[in-house]
Each structure stands twice: as C-alpha cells, then as structure tokens.
Amino acid sequence: EENKSHFTLWAMMAAPLILGNDLRTFIKEDGTVDKDNKTLEILTNKDVIAIDQDKLGKQCVRIKTNLVTDILVKPLENNEVAVCFFNKGNSNTQMTCNFADVHNLVSVSLPNAESYSCKELWYKTEEIVTDKLTTTVAPHGVKVFRISAVQ
C-alpha cells in the first residue's frame, strides 16, 4: 500500500517519475520480464502515469485534511479531474469527496452534471455517482479516481 501511495502522490503532484531502484530485479533468471513483480506492477500502471503526464501539467491541491486523511484534486485536460484519497492512519477509513468542493476550485473545469463517472485507477473499478464519491481506504493507502461528467 505504501508503494502505491508514494507513486500516486508523485503522479498527483505532476512530478517527474524517476526510478531509483535496480531494474535488474524486474528480470527473471531466464531473461524475461517478471510480470509478477509487485513493484514493477506499480511502476507500470498506465492510468496513474497518465495522471502524472496529463497535458495541463497542473499539480494537485489538498481540499480536505484532518491530519490523518487527505483529499487531493488534480485538474486534468478534457474537463476531467483526478481525486486522490490518502489515508495516513493505521486502520481502514471511509472518506467522502463532495463535488461541490471540487467545483469551487478555480483551476478545475469539471462541469456541473447530474452524474459523474469515477474510474478507480488501482483496482480498475468504475462507478457512476451523483453529488459525492465515498470510498474506504486501506491503512497507509490511497484510492485515486479519474472523474468525468456524464453527459
């Protein structure tokens, strides 16, 4: 969870993604890529990388914190946003992002809509919600969603 959190937070900040590990650990003895390597799986998540490399190049802003949890919002091109729920605590925590809070951000161009498509980028789930998104986040973990208005 902490590795996913680390990678996600870098992506939300639009930071350069630079590896600092030994790439040889991703190769099996027979010379093939170790597709079961959990670190490699994290580092090659195309959806999270796309958040980092979004053409707007904007960093996230923290819209809510209670010192144990944070909600971060990153403007994306095509009137979308990324929302990251970050749990720094030691137990599962339910978190909610109200879209009214997102719409109040000057840098965000997410349209007001009756519903929103919310694609979670680590677990590859998708749901349609109306005015808020609620999820449970593992200890030291994140959930990150790509959100767009349903037209």
# chains A, B, ... in the order shown; residues from 1 in each chain; ligands from 1
$ select_by_dssp --residues "range 49-99 of chain A" --states "strand (DSSP E or B)" --output "list in words"
Val61, Arg62, Ile63, Lys64, Thr65, Thr69, Asp70, Ile71, Leu72, Val73, Lys74, Pro75, Leu76, Glu80, Val81, Ala82, Val83, Cys84, Phe85, Phe86, Asn87, Thr93, Gln94, Met95, Thr96, Cys97 and Asn98 of chain A
$ select_by_dssp --residues "chain A" --states "alpha helix (DSSP H)" --output "MDAnalysis selection string"
chainID A and resid 2:12 38:43 46:52 99:103
$ closest_atom_pairs --of "range 4-30 of chain A" --to "range 54-60 of chain A" --cutoff "8 Å" --atoms "only C-alpha atoms" --output "Markdown table"
| residue | atom | partner | partner_atom | distance |
| --- | --- | --- | --- | --- |
| A:Met12 | CA | A:Cys60 | CA | 5.5 |
| A:Met13 | CA | A:Gln59 | CA | 4.5 |
| A:Ala14 | CA | A:Gln59 | CA | 5.3 |
$ write_last_selection --atoms "N, CA and C atoms" --output "PDB file, in the first residue's frame"
ATOM      1  N   MET A  12       0.077  12.723  -8.659  1.00  0.00           N
ATOM      2  CA  MET A  12      -0.854  13.817  -8.375  1.00  0.00           C
ATOM      3  C   MET A  12      -0.130  15.170  -8.354  1.00  0.00           C
ATOM      4  N   MET A  13       1.138  15.169  -7.999  1.00  0.00           N
ATOM      5  CA  MET A  13       1.911  16.410  -7.951  1.00  0.00           C
ATOM      6  C   MET A  13       2.533  16.768  -9.296  1.00  0.00           C
ATOM      7  N   ALA A  14       2.272  15.954 -10.330  1.00  0.00           N
ATOM      8  CA  ALA A  14       2.837  16.186 -11.662  1.00  0.00           C
ATOM      9  C   ALA A  14       4.361  16.210 -11.607  1.00  0.00           C
TER      10      ALA A  14
END
$ residues_around --residues "Leu133 in chain A" --least-positions-apart "5" --cutoff "7 Å" --atoms "only C-alpha atoms" --output "PyMOL selection string"
chain A and resi 96-98
$ closest_residue --among "A:Ile27, A:Ile71, A:Val81, A:Leu9" --to "Ile49 in chain A" --atoms "only C-alpha atoms"
A:Leu9
$ residues_around --residues "range 32-41 of chain A" --least-positions-apart "5" --cutoff "9 Å" --atoms "only C-alpha atoms" --output "ChimeraX atom specification"
/A:3-4,25-27
$ write_last_selection --atoms "all heavy atoms" --output "PDB file, in the first residue's frame"
ATOM      1  N   ASN A   3       3.843   1.721  -1.200  1.00  0.00           N
ATOM      2  CA  ASN A   3       4.457   1.951  -2.511  1.00  0.00           C
ATOM      3  C   ASN A   3       3.450   2.553  -3.489  1.00  0.00           C
ATOM      4  O   ASN A   3       3.780   3.464  -4.257  1.00  0.00           O
ATOM      5  CB  ASN A   3       5.031   0.651  -3.073  1.00  0.00           C
ATOM      6  CG  ASN A   3       6.295   0.225  -2.373  1.00  0.00           C
ATOM      7  OD1 ASN A   3       6.992   1.032  -1.774  1.00  0.00           O
ATOM      8  ND2 ASN A   3       6.593  -1.060  -2.428  1.00  0.00           N
ATOM      9  N   LYS A   4       2.222   2.050  -3.472  1.00  0.00           N
ATOM     10  CA  LYS A   4       1.174   2.628  -4.322  1.00  0.00           C
ATOM     11  C   LYS A   4       0.901   4.076  -3.924  1.00  0.00           C
ATOM     12  O   LYS A   4       0.732   4.945  -4.791  1.00  0.00           O
ATOM     13  CB  LYS A   4      -0.123   1.821  -4.231  1.00  0.00           C
ATOM     14  CG  LYS A   4      -0.083   0.507  -4.958  1.00  0.00           C
ATOM     15  CD  LYS A   4      -1.452  -0.110  -5.116  1.00  0.00           C
ATOM     16  CE  LYS A   4      -2.170  -0.313  -3.826  1.00  0.00           C
ATOM     17  NZ  LYS A   4      -3.412  -1.083  -3.951  1.00  0.00           N
ATOM     18  N   THR A  25      16.076  -6.258 -10.958  1.00  0.00           N
ATOM     19  CA  THR A  25      15.153  -7.030 -10.113  1.00  0.00           C
ATOM     20  C   THR A  25      13.838  -7.324 -10.831  1.00  0.00           C
ATOM     21  O   THR A  25      13.053  -8.137 -10.360  1.00  0.00           O
ATOM     22  CB  THR A  25      14.857  -6.301  -8.791  1.00  0.00           C
ATOM     23  OG1 THR A  25      14.215  -5.050  -9.081  1.00  0.00           O
ATOM     24  CG2 THR A  25      16.138  -6.058  -7.993  1.00  0.00           C
ATOM     25  N   PHE A  26      13.616  -6.690 -11.973  1.00  0.00           N
ATOM     26  CA  PHE A  26      12.394  -6.914 -12.739  1.00  0.00           C
ATOM     27  C   PHE A  26      12.570  -8.008 -13.794  1.00  0.00           C
ATOM     28  O   PHE A  26      11.644  -8.301 -14.532  1.00  0.00           O
ATOM     29  CB  PHE A  26      11.946  -5.636 -13.444  1.00  0.00           C
ATOM     30  CG  PHE A  26      11.681  -4.487 -12.503  1.00  0.00           C
ATOM     31  CD1 PHE A  26      11.965  -3.190 -12.889  1.00  0.00           C
ATOM     32  CD2 PHE A  26      11.147  -4.688 -11.244  1.00  0.00           C
ATOM     33  CE1 PHE A  26      11.721  -2.130 -12.043  1.00  0.00           C
ATOM     34  CE2 PHE A  26      10.903  -3.635 -10.387  1.00  0.00           C
ATOM     35  CZ  PHE A  26      11.186  -2.347 -10.787  1.00  0.00           C
ATOM     36  N   ILE A  27      13.752  -8.598 -13.858  1.00  0.00           N
ATOM     37  CA  ILE A  27      14.066  -9.599 -14.874  1.00  0.00           C
ATOM     38  C   ILE A  27      14.286 -10.952 -14.197  1.00  0.00           C
ATOM     39  O   ILE A  27      15.012 -11.056 -13.212  1.00  0.00           O
ATOM     40  CB  ILE A  27      15.333  -9.204 -15.674  1.00  0.00           C
ATOM     41  CG1 ILE A  27      15.189  -7.790 -16.261  1.00  0.00           C
ATOM     42  CG2 ILE A  27      15.653 -10.231 -16.751  1.00  0.00           C
ATOM     43  CD1 ILE A  27      14.061  -7.634 -17.258  1.00  0.00           C
TER      44      ILE A  27
END
$ residues_around --residues "Asn112 in chain A" --least-positions-apart "2" --cutoff "9 Å" --atoms "only C-alpha atoms" --output "MDAnalysis selection string"
chainID A and resid 99:100 103 110 114:115 149
$ decode --residues "range 70-109 of chain A" --atoms "N, CA and C atoms" --output "mmCIF file, in the first residue's frame"
data_model
loop_
_atom_site.group_PDB
_atom_site.id
_atom_site.type_symbol
_atom_site.label_atom_id
_atom_site.label_comp_id
_atom_site.auth_asym_id
_atom_site.auth_seq_id
_atom_site.Cartn_x
_atom_site.Cartn_y
_atom_site.Cartn_z
ATOM 1 N N ASP A 70 -6.209 12.828 3.775
ATOM 2 C CA ASP A 70 -6.181 13.966 2.857
ATOM 3 C C ASP A 70 -7.003 13.622 1.619
ATOM 4 N N ILE A 71 -7.646 14.630 1.063
ATOM 5 C CA ILE A 71 -8.276 14.503 -0.249
ATOM 6 C C ILE A 71 -7.604 15.518 -1.159
ATOM 7 N N LEU A 72 -7.048 15.009 -2.266
ATOM 8 C CA LEU A 72 -6.320 15.826 -3.229
ATOM 9 C C LEU A 72 -7.078 15.847 -4.549
ATOM 10 N N VAL A 73 -7.080 16.994 -5.217
ATOM 11 C CA VAL A 73 -7.749 17.136 -6.509
ATOM 12 C C VAL A 73 -6.755 17.708 -7.507
ATOM 13 N N LYS A 74 -6.672 17.064 -8.671
ATOM 14 C CA LYS A 74 -5.763 17.499 -9.735
ATOM 15 C C LYS A 74 -6.572 17.750 -10.997
ATOM 16 N N PRO A 75 -6.535 18.989 -11.513
ATOM 17 C CA PRO A 75 -7.219 19.270 -12.779
ATOM 18 C C PRO A 75 -6.568 18.500 -13.928
ATOM 19 N N LEU A 76 -7.397 17.991 -14.826
ATOM 20 C CA LEU A 76 -6.919 17.259 -15.997
ATOM 21 C C LEU A 76 -7.518 17.885 -17.256
ATOM 22 N N GLU A 77 -6.896 17.577 -18.391
ATOM 23 C CA GLU A 77 -7.453 18.059 -19.648
ATOM 24 C C GLU A 77 -8.811 17.409 -19.902
ATOM 25 N N ASN A 78 -9.515 17.905 -20.875
ATOM 26 C CA ASN A 78 -10.842 17.395 -21.251
ATOM 27 C C ASN A 78 -11.877 17.542 -20.143
ATOM 28 N N ASN A 79 -11.727 18.558 -19.305
ATOM 29 C CA ASN A 79 -12.686 18.860 -18.235
ATOM 30 C C ASN A 79 -12.846 17.713 -17.237
ATOM 31 N N GLU A 80 -11.768 16.983 -16.994
ATOM 32 C CA GLU A 80 -11.775 15.897 -16.012
ATOM 33 C C GLU A 80 -10.933 16.302 -14.804
ATOM 34 N N VAL A 81 -11.038 15.514 -13.742
ATOM 35 C CA VAL A 81 -10.194 15.700 -12.561
ATOM 36 C C VAL A 81 -9.758 14.337 -12.049
ATOM 37 N N ALA A 82 -8.636 14.343 -11.331
ATOM 38 C CA ALA A 82 -8.219 13.177 -10.557
ATOM 39 C C ALA A 82 -8.464 13.518 -9.096
ATOM 40 N N VAL A 83 -9.049 12.592 -8.378
ATOM 41 C CA VAL A 83 -9.271 12.759 -6.939
ATOM 42 C C VAL A 83 -8.559 11.621 -6.234
ATOM 43 N N CYS A 84 -7.695 12.002 -5.291
ATOM 44 C CA CYS A 84 -6.928 11.015 -4.531
ATOM 45 C C CYS A 84 -7.331 11.083 -3.064
ATOM 46 N N PHE A 85 -7.708 9.936 -2.524
ATOM 47 C CA PHE A 85 -7.997 9.782 -1.099
ATOM 48 C C PHE A 85 -6.765 9.133 -0.479
ATOM 49 N N PHE A 86 -6.149 9.778 0.494
ATOM 50 C CA PHE A 86 -4.909 9.299 1.111
ATOM 51 C C PHE A 86 -5.144 9.106 2.603
ATOM 52 N N ASN A 87 -4.946 7.872 3.068
ATOM 53 C CA ASN A 87 -5.152 7.510 4.468
ATOM 54 C C ASN A 87 -3.795 7.271 5.123
ATOM 55 N N LYS A 88 -3.374 8.172 5.995
ATOM 56 C CA LYS A 88 -2.098 8.038 6.707
ATOM 57 C C LYS A 88 -2.257 7.260 8.016
ATOM 58 N N GLY A 89 -3.477 6.867 8.316
ATOM 59 C CA GLY A 89 -3.768 6.180 9.570
ATOM 60 C C GLY A 89 -3.457 4.697 9.532
ATOM 61 N N ASN A 90 -3.757 4.036 10.642
ATOM 62 C CA ASN A 90 -3.433 2.618 10.810
ATOM 63 C C ASN A 90 -4.639 1.690 10.703
ATOM 64 N N SER A 91 -5.767 2.219 10.238
ATOM 65 C CA SER A 91 -6.945 1.371 10.053
ATOM 66 C C SER A 91 -7.705 1.823 8.805
ATOM 67 N N ASN A 92 -8.531 0.931 8.285
ATOM 68 C CA ASN A 92 -9.370 1.290 7.140
ATOM 69 C C ASN A 92 -10.196 2.523 7.496
ATOM 70 N N THR A 93 -10.315 3.437 6.538
ATOM 71 C CA THR A 93 -11.036 4.679 6.799
ATOM 72 C C THR A 93 -11.953 4.995 5.628
ATOM 73 N N GLN A 94 -13.203 5.306 5.946
ATOM 74 C CA GLN A 94 -14.144 5.732 4.916
ATOM 75 C C GLN A 94 -13.954 7.229 4.693
ATOM 76 N N MET A 95 -13.885 7.612 3.410
ATOM 77 C CA MET A 95 -13.661 9.013 3.052
ATOM 78 C C MET A 95 -14.667 9.425 1.985
ATOM 79 N N THR A 96 -15.039 10.712 2.002
ATOM 80 C CA THR A 96 -16.012 11.239 1.049
ATOM 81 C C THR A 96 -15.514 12.542 0.449
ATOM 82 N N CYS A 97 -15.664 12.659 -0.868
ATOM 83 C CA CYS A 97 -15.377 13.900 -1.582
ATOM 84 C C CYS A 97 -16.688 14.418 -2.151
ATOM 85 N N ASN A 98 -17.091 15.610 -1.736
ATOM 86 C CA ASN A 98 -18.282 16.256 -2.271
ATOM 87 C C ASN A 98 -17.887 17.032 -3.520
ATOM 88 N N PHE A 99 -18.596 16.821 -4.609
ATOM 89 C CA PHE A 99 -18.251 17.500 -5.850
ATOM 90 C C PHE A 99 -18.457 19.011 -5.767
ATOM 91 N N ALA A 100 -19.282 19.482 -4.854
ATOM 92 C CA ALA A 100 -19.430 20.928 -4.663
ATOM 93 C C ALA A 100 -18.080 21.535 -4.271
ATOM 94 N N ASP A 101 -17.301 20.818 -3.450
ATOM 95 C CA ASP A 101 -15.969 21.298 -3.065
ATOM 96 C C ASP A 101 -15.027 21.344 -4.266
ATOM 97 N N VAL A 102 -15.166 20.387 -5.164
ATOM 98 C CA VAL A 102 -14.327 20.340 -6.366
ATOM 99 C C VAL A 102 -14.688 21.490 -7.295
ATOM 100 N N HIS A 103 -15.962 21.754 -7.463
ATOM 101 C CA HIS A 103 -16.416 22.821 -8.357
ATOM 102 C C HIS A 103 -15.992 24.205 -7.863
ATOM 103 N N ASN A 104 -15.743 24.344 -6.568
ATOM 104 C CA ASN A 104 -15.334 25.632 -6.015
ATOM 105 C C ASN A 104 -13.877 25.983 -6.317
ATOM 106 N N LEU A 105 -13.104 25.031 -6.833
ATOM 107 C CA LEU A 105 -11.702 25.291 -7.142
ATOM 108 C C LEU A 105 -11.595 26.063 -8.456
ATOM 109 N N VAL A 106 -10.857 27.132 -8.445
ATOM 110 C CA VAL A 106 -10.708 27.978 -9.630
ATOM 111 C C VAL A 106 -10.061 27.210 -10.782
ATOM 112 N N SER A 107 -9.107 26.337 -10.473
ATOM 113 C CA SER A 107 -8.333 25.651 -11.515
ATOM 114 C C SER A 107 -9.066 24.477 -12.156
ATOM 115 N N VAL A 108 -10.209 24.095 -11.618
ATOM 116 C CA VAL A 108 -10.927 22.905 -12.092
ATOM 117 C C VAL A 108 -12.022 23.310 -13.073
ATOM 118 N N SER A 109 -12.113 22.558 -14.181
ATOM 119 C CA SER A 109 -13.162 22.845 -15.169
ATOM 120 C C SER A 109 -14.133 21.670 -15.310
#
